[in-house]
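Have a look at input.cif; it's mmCIF, C-alpha atoms and all ligand atoms:
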```
data_target
loop_
_atom_site.label_atom_id
_atom_site.label_comp_id
_atom_site.auth_asym_id
_atom_site.auth_seq_id
_atom_site.Cartn_x
_atom_site.Cartn_y
_atom_site.Cartn_z
CA MET A 286 84.36 82.38 88.26
CA LYS A 287 87.67 81.57 89.93
CA PRO A 288 87.08 81.31 93.65
CA PHE A 289 90.27 82.41 95.37
CA THR A 290 92.08 85.65 96.11
CA ASP A 291 95.42 86.29 97.78
CA ALA A 292 95.83 89.67 99.48
CA HIS A 293 99.61 89.51 99.88
CA CYS A 294 101.94 87.36 97.79
CA HIS A 295 105.54 87.82 96.64
CA ALA A 296 104.64 86.69 93.11
CA HIS A 297 107.98 87.88 91.72
CA GLU A 298 109.64 84.96 93.53
CA PHE A 299 107.56 82.31 91.74
CA SER A 300 108.31 80.70 88.36
CA ASP A 301 106.20 81.23 85.27
CA ALA A 302 104.94 77.66 85.55
CA GLU A 303 103.75 78.30 89.11
CA LEU A 304 102.15 81.62 88.19
CA GLU A 305 100.28 79.99 85.34
CA GLU A 306 98.99 77.39 87.78
CA PHE A 307 97.80 80.11 90.20
CA GLY A 308 95.91 81.73 87.34
CA GLU A 309 93.69 78.66 87.14
CA SER A 310 92.15 79.11 90.58
CA PHE A 311 92.85 82.72 91.61
CA GLU A 312 90.77 85.65 90.46
CA VAL A 313 93.21 88.16 91.98
CA ILE A 314 96.61 87.88 93.63
CA ILE A 315 97.94 91.09 95.12
CA ALA A 316 101.61 90.98 94.16
CA VAL A 317 103.81 92.84 96.61
CA SER A 318 107.45 93.73 96.02
CA ASP A 319 110.50 93.88 98.29
CA ASP A 320 112.68 96.52 96.68
CA LEU A 321 113.07 98.49 93.44
CA ALA A 322 114.31 95.54 91.39
CA SER A 323 111.45 93.26 92.44
CA SER A 324 109.01 96.15 91.92
CA GLU A 325 110.17 96.32 88.29
CA ARG A 326 109.74 92.57 87.99
CA THR A 327 106.25 92.68 89.54
CA LEU A 328 105.19 95.29 86.99
CA VAL A 329 106.49 93.15 84.13
CA LEU A 330 104.67 90.09 85.48
CA SER A 331 101.41 91.97 85.95
CA LYS A 332 101.37 92.73 82.23
CA ARG A 333 101.76 89.02 81.49
CA TYR A 334 99.32 87.75 84.12
CA ALA A 335 96.13 89.79 84.37
CA PHE A 336 95.21 88.28 87.75
CA LEU A 337 98.27 89.87 89.38
CA ALA A 338 97.50 93.24 90.99
CA PRO A 339 100.89 94.95 91.20
CA CYS A 340 102.21 96.74 94.26
CA VAL A 341 105.58 98.45 94.22
CA GLY A 342 107.48 99.07 97.41
CA VAL A 343 110.52 98.64 99.59
CA HIS A 344 110.18 96.25 102.52
CA PRO A 345 111.29 97.61 105.91
CA TRP A 346 113.88 94.79 106.00
CA ALA A 347 115.38 96.08 102.75
CA LEU A 348 116.20 99.58 103.94
CA GLY A 349 119.96 99.36 103.88
CA GLY A 350 122.36 102.20 103.42
CA ASP A 351 120.23 103.83 100.73
CA ASP A 352 119.47 107.51 100.58
CA LEU A 353 115.80 107.46 101.56
CA HIS A 354 114.83 110.50 99.50
CA GLU A 355 116.42 108.97 96.41
CA LEU A 356 114.67 105.66 97.12
CA ALA A 357 111.28 107.36 97.48
CA LYS A 358 111.88 109.33 94.30
CA ARG A 359 112.64 106.16 92.35
CA LEU A 360 109.54 104.50 93.80
CA GLU A 361 107.46 107.47 92.70
CA ASP A 362 109.03 107.22 89.21
CA LEU A 363 107.71 103.65 89.02
CA VAL A 364 104.24 104.83 90.06
CA ARG A 365 104.28 107.55 87.41
CA ARG A 366 104.79 104.93 84.70
CA GLY A 367 101.23 103.78 85.35
CA GLY A 368 99.61 100.46 86.11
CA VAL A 369 100.53 100.43 89.80
CA LEU A 370 97.54 99.58 92.01
CA CYS A 371 99.14 99.80 95.41
CA LEU A 372 102.29 100.37 97.43
CA GLY A 373 103.70 97.35 99.22
CA GLU A 374 105.29 95.70 100.93
CA VAL A 375 105.94 98.78 103.01
CA GLY A 376 105.68 99.57 106.68
CA LEU A 377 107.32 99.36 110.05
CA ASP A 378 108.94 96.51 111.95
CA LEU A 379 109.79 96.46 115.64
CA ALA A 380 109.99 92.66 115.79
CA PHE A 381 112.85 91.74 113.47
CA VAL A 382 114.71 95.00 112.70
CA PRO A 383 113.98 97.40 115.58
CA GLN A 384 117.46 98.90 115.18
CA THR A 385 116.41 100.65 111.95
CA PHE A 386 113.06 101.92 113.24
CA GLU A 387 113.83 105.63 112.82
CA LYS A 388 114.85 105.04 109.24
CA GLN A 389 111.78 102.87 108.61
CA LEU A 390 109.53 105.59 109.98
CA GLU A 391 111.10 108.28 107.85
CA PHE A 392 110.74 106.18 104.71
CA PHE A 393 107.20 104.98 105.53
CA ARG A 394 106.07 108.60 105.82
CA MET A 395 107.50 109.30 102.36
CA VAL A 396 105.71 106.24 100.98
CA LEU A 397 102.43 107.33 102.55
CA ASP A 398 102.82 110.75 100.93
CA ILE A 399 103.07 108.99 97.56
CA ALA A 400 100.00 106.89 98.41
CA LYS A 401 98.10 110.05 99.27
CA ASP A 402 99.27 112.00 96.21
CA TYR A 403 98.38 109.22 93.76
CA ASP A 404 95.43 107.81 95.73
CA LEU A 405 97.02 104.36 95.98
CA ALA A 406 96.24 101.56 98.42
CA VAL A 407 98.97 100.47 100.83
CA ASN A 408 99.82 96.86 101.68
CA VAL A 409 101.38 97.23 105.12
CA HIS A 410 103.89 95.16 107.08
CA ALA A 411 103.72 96.17 110.74
CA ALA A 412 105.25 93.40 112.86
CA LYS A 413 105.04 94.51 116.51
CA ALA A 414 104.48 98.05 115.22
CA TRP A 415 100.74 97.73 114.60
CA ARG A 416 99.65 100.83 116.45
CA GLN A 417 102.46 102.97 115.09
CA ALA A 418 101.73 101.88 111.50
CA LEU A 419 98.00 102.50 111.87
CA GLU A 420 98.64 105.95 113.34
CA GLU A 421 100.92 106.88 110.45
CA VAL A 422 98.48 105.66 107.80
CA SER A 423 95.54 107.46 109.45
CA ALA A 424 97.50 110.65 110.08
CA LYS A 425 98.31 110.90 106.37
CA GLY A 426 94.67 110.34 105.45
CA VAL A 427 95.43 107.33 103.24
CA ARG A 428 92.07 106.02 102.07
CA ARG A 429 92.83 102.31 101.54
CA ALA A 430 95.17 100.21 103.68
CA LEU A 431 95.60 96.51 104.39
CA PHE A 432 97.56 95.32 107.42
CA HIS A 433 98.96 92.02 106.27
CA TRP A 434 99.32 88.93 108.55
CA TYR A 435 97.58 90.89 111.30
CA ASN A 436 98.75 89.57 114.63
CA GLY A 437 98.41 92.66 116.76
CA PRO A 438 96.23 93.74 119.69
CA LEU A 439 92.45 93.52 119.46
CA ASP A 440 91.96 97.21 120.28
CA VAL A 441 94.15 98.20 117.32
CA LEU A 442 92.17 95.76 115.18
CA SER A 443 88.97 97.58 116.19
CA GLU A 444 90.49 100.88 115.08
CA ILE A 445 91.62 99.37 111.77
CA VAL A 446 88.06 98.17 111.19
CA ALA A 447 86.51 101.47 112.29
CA ARG A 448 88.66 103.32 109.78
CA GLY A 449 87.53 101.04 106.97
CA TYR A 450 90.92 99.38 106.54
CA LEU A 451 91.53 95.66 106.05
CA ILE A 452 93.61 92.86 107.51
CA SER A 453 94.72 89.60 105.93
CA VAL A 454 94.69 86.20 107.56
CA ASN A 455 97.70 83.99 106.87
CA PRO A 456 97.88 80.16 106.63
CA THR A 457 99.80 80.21 109.94
CA VAL A 458 96.36 80.66 111.53
CA ARG A 459 96.59 76.90 112.10
CA LEU A 460 99.75 77.34 114.21
CA SER A 461 98.87 80.41 116.21
CA ALA A 462 96.03 80.68 118.72
CA LYS A 463 96.34 84.46 118.66
CA HIS A 464 96.08 84.68 114.88
CA LEU A 465 93.10 82.32 114.98
CA GLU A 466 91.38 84.50 117.56
CA ILE A 467 91.82 87.48 115.25
CA ALA A 468 90.51 85.49 112.27
CA LYS A 469 87.43 84.63 114.32
CA LYS A 470 86.79 88.13 115.65
CA VAL A 471 87.51 90.37 112.67
CA PRO A 472 84.27 91.62 111.08
CA LEU A 473 83.73 90.19 107.60
CA SER A 474 83.94 93.72 106.19
CA ALA A 475 87.66 93.79 107.01
CA LEU A 476 88.67 90.19 106.28
CA THR A 477 90.92 88.98 103.48
CA PHE A 478 93.20 85.95 103.06
CA GLU A 479 96.85 85.93 102.10
CA SER A 480 99.67 83.47 101.51
CA ASP A 481 102.74 85.74 101.95
CA GLY A 482 104.34 83.04 99.81
CA PRO A 483 106.94 81.96 99.20
CA TYR A 484 108.18 82.05 102.80
CA ASP A 485 109.05 79.41 105.38
CA TYR A 486 107.59 79.93 108.82
CA ARG A 487 107.81 77.44 111.68
CA GLY A 488 107.93 74.45 109.34
CA LEU A 489 105.15 75.71 107.08
CA HIS A 490 106.02 76.58 103.50
CA LEU A 491 103.76 79.53 102.78
CA HIS A 492 102.31 79.31 99.31
CA PRO A 493 99.03 80.33 97.60
CA ARG A 494 98.06 76.66 97.55
CA LEU A 495 97.48 76.92 101.33
CA ILE A 496 94.70 79.50 100.91
CA PRO A 497 91.83 77.02 100.30
CA GLU A 498 92.52 75.19 103.58
CA THR A 499 92.94 78.51 105.39
CA VAL A 500 89.53 79.69 104.20
CA SER A 501 88.09 76.33 105.13
CA LEU A 502 89.53 76.43 108.66
CA VAL A 503 88.30 79.99 109.32
CA ALA A 504 84.86 79.15 107.90
CA LYS A 505 84.59 76.15 110.23
CA GLU A 506 85.71 78.16 113.27
CA ARG A 507 83.21 80.91 112.50
CA GLY A 508 80.39 78.54 111.60
CA LEU A 509 80.07 80.03 108.13
CA ASP A 510 80.12 78.67 104.60
CA GLU A 511 83.42 78.78 102.80
CA SER A 512 81.64 80.27 99.81
CA GLU A 513 80.50 83.21 101.92
CA LEU A 514 84.05 83.93 103.05
CA LEU A 515 85.34 83.64 99.51
CA VAL A 516 82.79 86.16 98.28
CA VAL A 517 83.35 88.73 101.03
CA SER A 518 87.15 88.46 100.89
CA LYS A 519 87.04 88.96 97.13
CA GLU A 520 84.72 91.98 97.49
CA ASN A 521 87.05 93.46 100.12
CA ILE A 522 90.07 93.01 97.87
CA MET A 523 88.28 94.63 94.92
CA LYS A 524 87.31 97.61 97.07
CA PHE A 525 90.87 97.82 98.38
CA LEU A 526 92.19 97.98 94.81
CA ASP A 527 89.40 100.30 93.68
CA LEU A 528 88.44 97.79 91.01
CA GLU A 529 84.98 96.92 89.78
CA TYR A 530 83.54 93.77 91.24
ZN ZN A 601 105.33 89.71 102.67
#
```

Serialized structure, structure tokens:
Amino acid sequence: MKPFTDAHCHAHEFSDAELEEFGESFEVIIAVSDDLASSERTLVLSKRYAFLAPCVGVHPWALGGDDLHELAKRLEDLVRRGGVLCLGEVGLDLAFVPQTFEKQLEFFRMVLDIAKDYDLAVNVHAAKAWRQALEEVSAKGVRRALFHWYNGPLDVLSEIVARGYLISVNPTVRLSAKHLEIAKKVPLSALTFESDGPYDYRGLHLHPRLIPETVSLVAKERGLDESELLVVSKENIMKFLDLEY
């Protein structure tokens, strides 16, 4: 049994050699996409690498001058082809691109309608828009949602947990006291680990290879065995994807 899982990884940005290496230690990597082109690529890769769980989506940073209805329609066309397990990376962002928030909200609601219609999980980006994103997901009655790199308020975290949704803990837990506090407080039923690789953040090159040390750090802080965290995070990911465990 391969021990590791990654709840949020931009697998389409890695080489075949790297993906093959990940396949040696990862049971599942949830592969999110940034736009339509990378969504196509993610679907191709998921046929080649069975451990990749494909998500199609358009990142809130990638909402340019596109016609949102056309974009949502093309996303739905990808879903109709089959094999899609979730929608992501999708969501709202008030931290980096607050100027496009209205557009983000309009598109996110369309994405959540697709999630609802096809009973898909959503892999959500919600930087500084945690409450808004949770409210949208809940209001649409989406059954399975994961709030990636959760760094929001503790009261919103409690609501995420109460609704049966998940969060993912990022390797930057070692740089951020707030993220560490969340990693320590989140109930095990809502905990997963992610790399968000490949991405550079405050001198750290985010990559799936950082997941083992992230699990190890959180296990130590919580006074638990790493093996326990690996098992529960894997179970949570399987439930999120509606896959047999
Ligand atoms: Zn991401």

Residue nearest ligand ZN 601 (chain A) among A:Glu420, A:Glu306, A:Asp301, A:Glu479 (counting all atoms listed in the file): A:Glu479

Environment of ligand ZN 601 (chain A) within 8 Å, counting only C-alpha atoms and all ligand atoms, reported as JSON, numbers by chain: {"A": [293, 294, 295, 317, 319, 374, 410, 433, 481, 482]}

Selected residue of minimal separation from Lys401 in chain A among A:Arg429, A:Lys470, A:Lys388, A:Lys413, counting only C-alpha atoms: A:Arg429

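Nearest to Lys519 in chain A of all the residues A:Leu304, A:Val427, A:Ile315, A:Ala406 is A:Ile315, counting all atoms listed in the file.
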
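The environment of Pro339 in chain A within 8 Å, counting only C-alpha atoms and disregarding residues fewer than 5 places along the same chain, consists of A:Ile315, A:Ala316, A:Val317, A:Thr327, A:Leu328, A:Ser331, A:Gly368, A:Val369, A:Leu370, A:Cys371.
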
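Using only C-alpha atoms, the smallest distance between any of A:Glu529, A:Glu421, A:Asp440, A:Glu309 and Val471 in chain A comes from A:Asp440.
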
Among listed residues A:Tyr403, A:Gly508, A:Ala380, A:Ser480, nearest Arg366 in chain A (using all atoms listed in the file): A:Tyr403

Exercise: Leu356 in chain A partners within 10 Å, only C-alpha atoms, chain neighbours under 3 positions left out, as number ranges by chain: A: 320-321, 342-343, 348, 351-353, 359-362, 392, 395-396

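Comparing A:Met523, A:Ile452, A:Ala302, A:Ala411 by their smallest distance to Trp346 in chain A, the closest is A:Ala411 (using all atoms listed in the file).
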
Within 12 Å of Leu439 in chain A using all atoms listed in the file, minus same-chain residues under 4 positions, as a ChimeraX atom specification: /A:415-416,435,443-446,463-464,466-472

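Using all atoms listed in the file, the protein and nucleic acid residues lying at most 10 Å from the point (86.5, 81.1, 109.4) are Val454, Leu465, Ala468, Lys469, Lys470, Val471, Leu473, Leu476, Thr499, Val500, Ser501, Leu502, Val503, Ala504, Lys505, Glu506, Arg507, Gly508, Leu509, Asp510, Glu511, Glu513 and Leu514 of chain A.
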
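CA of Ile522 in chain A sits 10.5 Å away from CA of Glu312 in chain A.
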
Test item: residues at most 12 Å from Gln417 in chain A, all atoms listed in the file, excluding those fewer than 5 positions along its chain, as an MDAnalysis selection string: chainID A and resid 376:379 386:387 389:390 393:394 409:412 422:424 432 437 441 445

Write the residues of the preceding selection, restricted to C-alpha atoms, as a PDB file, keeping the file's coordinate frame.
```pdb
ATOM      1  CA  GLY A 376     105.680  99.570 106.680  1.00  0.00           C
ATOM      2  CA  LEU A 377     107.320  99.360 110.050  1.00  0.00           C
ATOM      3  CA  ASP A 378     108.940  96.510 111.950  1.00  0.00           C
ATOM      4  CA  LEU A 379     109.790  96.460 115.640  1.00  0.00           C
ATOM      5  CA  PHE A 386     113.060 101.920 113.240  1.00  0.00           C
ATOM      6  CA  GLU A 387     113.830 105.630 112.820  1.00  0.00           C
ATOM      7  CA  GLN A 389     111.780 102.870 108.610  1.00  0.00           C
ATOM      8  CA  LEU A 390     109.530 105.590 109.980  1.00  0.00           C
ATOM      9  CA  PHE A 393     107.200 104.980 105.530  1.00  0.00           C
ATOM     10  CA  ARG A 394     106.070 108.600 105.820  1.00  0.00           C
ATOM     11  CA  VAL A 409     101.380  97.230 105.120  1.00  0.00           C
ATOM     12  CA  HIS A 410     103.890  95.160 107.080  1.00  0.00           C
ATOM     13  CA  ALA A 411     103.720  96.170 110.740  1.00  0.00           C
ATOM     14  CA  ALA A 412     105.250  93.400 112.860  1.00  0.00           C
ATOM     15  CA  VAL A 422      98.480 105.660 107.800  1.00  0.00           C
ATOM     16  CA  SER A 423      95.540 107.460 109.450  1.00  0.00           C
ATOM     17  CA  ALA A 424      97.500 110.650 110.080  1.00  0.00           C
ATOM     18  CA  PHE A 432      97.560  95.320 107.420  1.00  0.00           C
ATOM     19  CA  GLY A 437      98.410  92.660 116.760  1.00  0.00           C
ATOM     20  CA  VAL A 441      94.150  98.200 117.320  1.00  0.00           C
ATOM     21  CA  ILE A 445      91.620  99.370 111.770  1.00  0.00           C
TER      22      ILE A 445
END
```

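As for CA of Thr290 in chain A and CA of Leu431 in chain A, they are spaced 14.1 Å apart.
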
Exercise: residues within 8 Å of coordinate (84.7, 92.2, 104.2), counting all atoms listed in the file, as a list in words: Leu451, Pro472, Leu473, Ser474, Ala475, Leu476, Thr477, Val517, Ser518, Glu520 and Asn521 of chain A

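Between CA of Leu337 in chain A and CA of Asn455 in chain A the interatomic distance comes to 18.5 Å.
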
Since the input is missing atoms, can you rebuild N, CA, C and O atoms for range 464-489 of chain A and write them as a short mmCIF file (atom, residue, chain, number, x, y, z; two decimals), in the coordinates of the input?
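Saved to rebuild_30.cif:
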```
data_model
loop_
_atom_site.label_atom_id
_atom_site.label_comp_id
_atom_site.auth_asym_id
_atom_site.auth_seq_id
_atom_site.Cartn_x
_atom_site.Cartn_y
_atom_site.Cartn_z
N HIS A 464 96.50 84.35 116.24
CA HIS A 464 96.08 84.68 114.88
C HIS A 464 94.69 84.12 114.61
O HIS A 464 93.86 84.76 113.96
N LEU A 465 94.42 82.93 115.15
CA LEU A 465 93.10 82.32 114.98
C LEU A 465 92.03 83.16 115.66
O LEU A 465 90.94 83.37 115.12
N GLU A 466 92.34 83.66 116.84
CA GLU A 466 91.38 84.50 117.56
C GLU A 466 91.03 85.74 116.71
O GLU A 466 89.86 86.14 116.60
N ILE A 467 92.04 86.32 116.11
CA ILE A 467 91.82 87.48 115.25
C ILE A 467 90.96 87.10 114.04
O ILE A 467 90.02 87.81 113.68
N ALA A 468 91.28 85.95 113.44
CA ALA A 468 90.51 85.49 112.27
C ALA A 468 89.05 85.25 112.62
O ALA A 468 88.16 85.38 111.78
N LYS A 469 88.81 84.88 113.88
CA LYS A 469 87.43 84.63 114.32
C LYS A 469 86.71 85.94 114.66
O LYS A 469 85.50 86.04 114.49
N LYS A 470 87.44 86.91 115.17
CA LYS A 470 86.79 88.13 115.65
C LYS A 470 86.67 89.25 114.62
O LYS A 470 85.84 90.14 114.77
N VAL A 471 87.54 89.24 113.61
CA VAL A 471 87.51 90.37 112.67
C VAL A 471 86.17 90.39 111.92
O VAL A 471 85.69 89.36 111.45
N PRO A 472 85.51 91.56 111.86
CA PRO A 472 84.27 91.62 111.08
C PRO A 472 84.53 91.25 109.62
O PRO A 472 85.62 91.50 109.10
N LEU A 473 83.54 90.65 108.98
CA LEU A 473 83.73 90.19 107.60
C LEU A 473 84.10 91.36 106.68
O LEU A 473 84.80 91.16 105.69
N SER A 474 83.66 92.55 107.04
CA SER A 474 83.94 93.72 106.19
C SER A 474 85.42 94.04 106.09
O SER A 474 85.84 94.80 105.24
N ALA A 475 86.22 93.47 107.00
CA ALA A 475 87.66 93.79 107.01
C ALA A 475 88.54 92.57 106.75
O ALA A 475 89.76 92.64 106.86
N LEU A 476 87.93 91.46 106.40
CA LEU A 476 88.67 90.19 106.28
C LEU A 476 89.12 89.89 104.86
O LEU A 476 88.33 89.96 103.92
N THR A 477 90.41 89.55 104.72
CA THR A 477 90.92 88.98 103.48
C THR A 477 91.86 87.83 103.85
O THR A 477 92.22 87.68 105.03
N PHE A 478 92.26 87.06 102.85
CA PHE A 478 93.20 85.95 103.06
C PHE A 478 94.46 86.19 102.24
O PHE A 478 94.39 86.75 101.15
N GLU A 479 95.57 85.75 102.80
CA GLU A 479 96.85 85.93 102.10
C GLU A 479 97.69 84.67 102.24
O GLU A 479 97.46 83.85 103.14
N SER A 480 98.70 84.57 101.34
CA SER A 480 99.67 83.47 101.51
C SER A 480 100.99 83.99 102.07
O SER A 480 101.69 83.27 102.78
N ASP A 481 101.38 85.22 101.69
CA ASP A 481 102.74 85.74 101.95
C ASP A 481 103.79 84.79 101.37
O ASP A 481 104.94 84.81 101.80
N GLY A 482 103.39 83.96 100.42
CA GLY A 482 104.34 83.04 99.81
C GLY A 482 105.27 83.75 98.85
O GLY A 482 104.95 84.83 98.39
N PRO A 483 106.40 83.14 98.54
CA PRO A 483 106.94 81.96 99.20
C PRO A 483 107.76 82.35 100.42
O PRO A 483 108.62 83.22 100.35
N TYR A 484 107.48 81.71 101.56
CA TYR A 484 108.18 82.05 102.80
C TYR A 484 108.03 80.86 103.74
O TYR A 484 106.96 80.26 103.80
N ASP A 485 109.11 80.53 104.43
CA ASP A 485 109.05 79.41 105.38
C ASP A 485 108.90 79.94 106.79
O ASP A 485 109.68 80.80 107.23
N TYR A 486 107.86 79.46 107.47
CA TYR A 486 107.59 79.93 108.82
C TYR A 486 107.23 78.74 109.70
O TYR A 486 106.26 78.05 109.45
N ARG A 487 108.04 78.52 110.72
CA ARG A 487 107.81 77.44 111.68
C ARG A 487 107.39 76.13 111.00
O ARG A 487 106.39 75.51 111.37
N GLY A 488 108.16 75.74 109.99
CA GLY A 488 107.93 74.45 109.34
C GLY A 488 106.85 74.47 108.27
O GLY A 488 106.58 73.44 107.64
N LEU A 489 106.20 75.62 108.09
CA LEU A 489 105.15 75.71 107.08
C LEU A 489 105.69 76.47 105.88
O LEU A 489 106.23 77.58 106.04
#
```
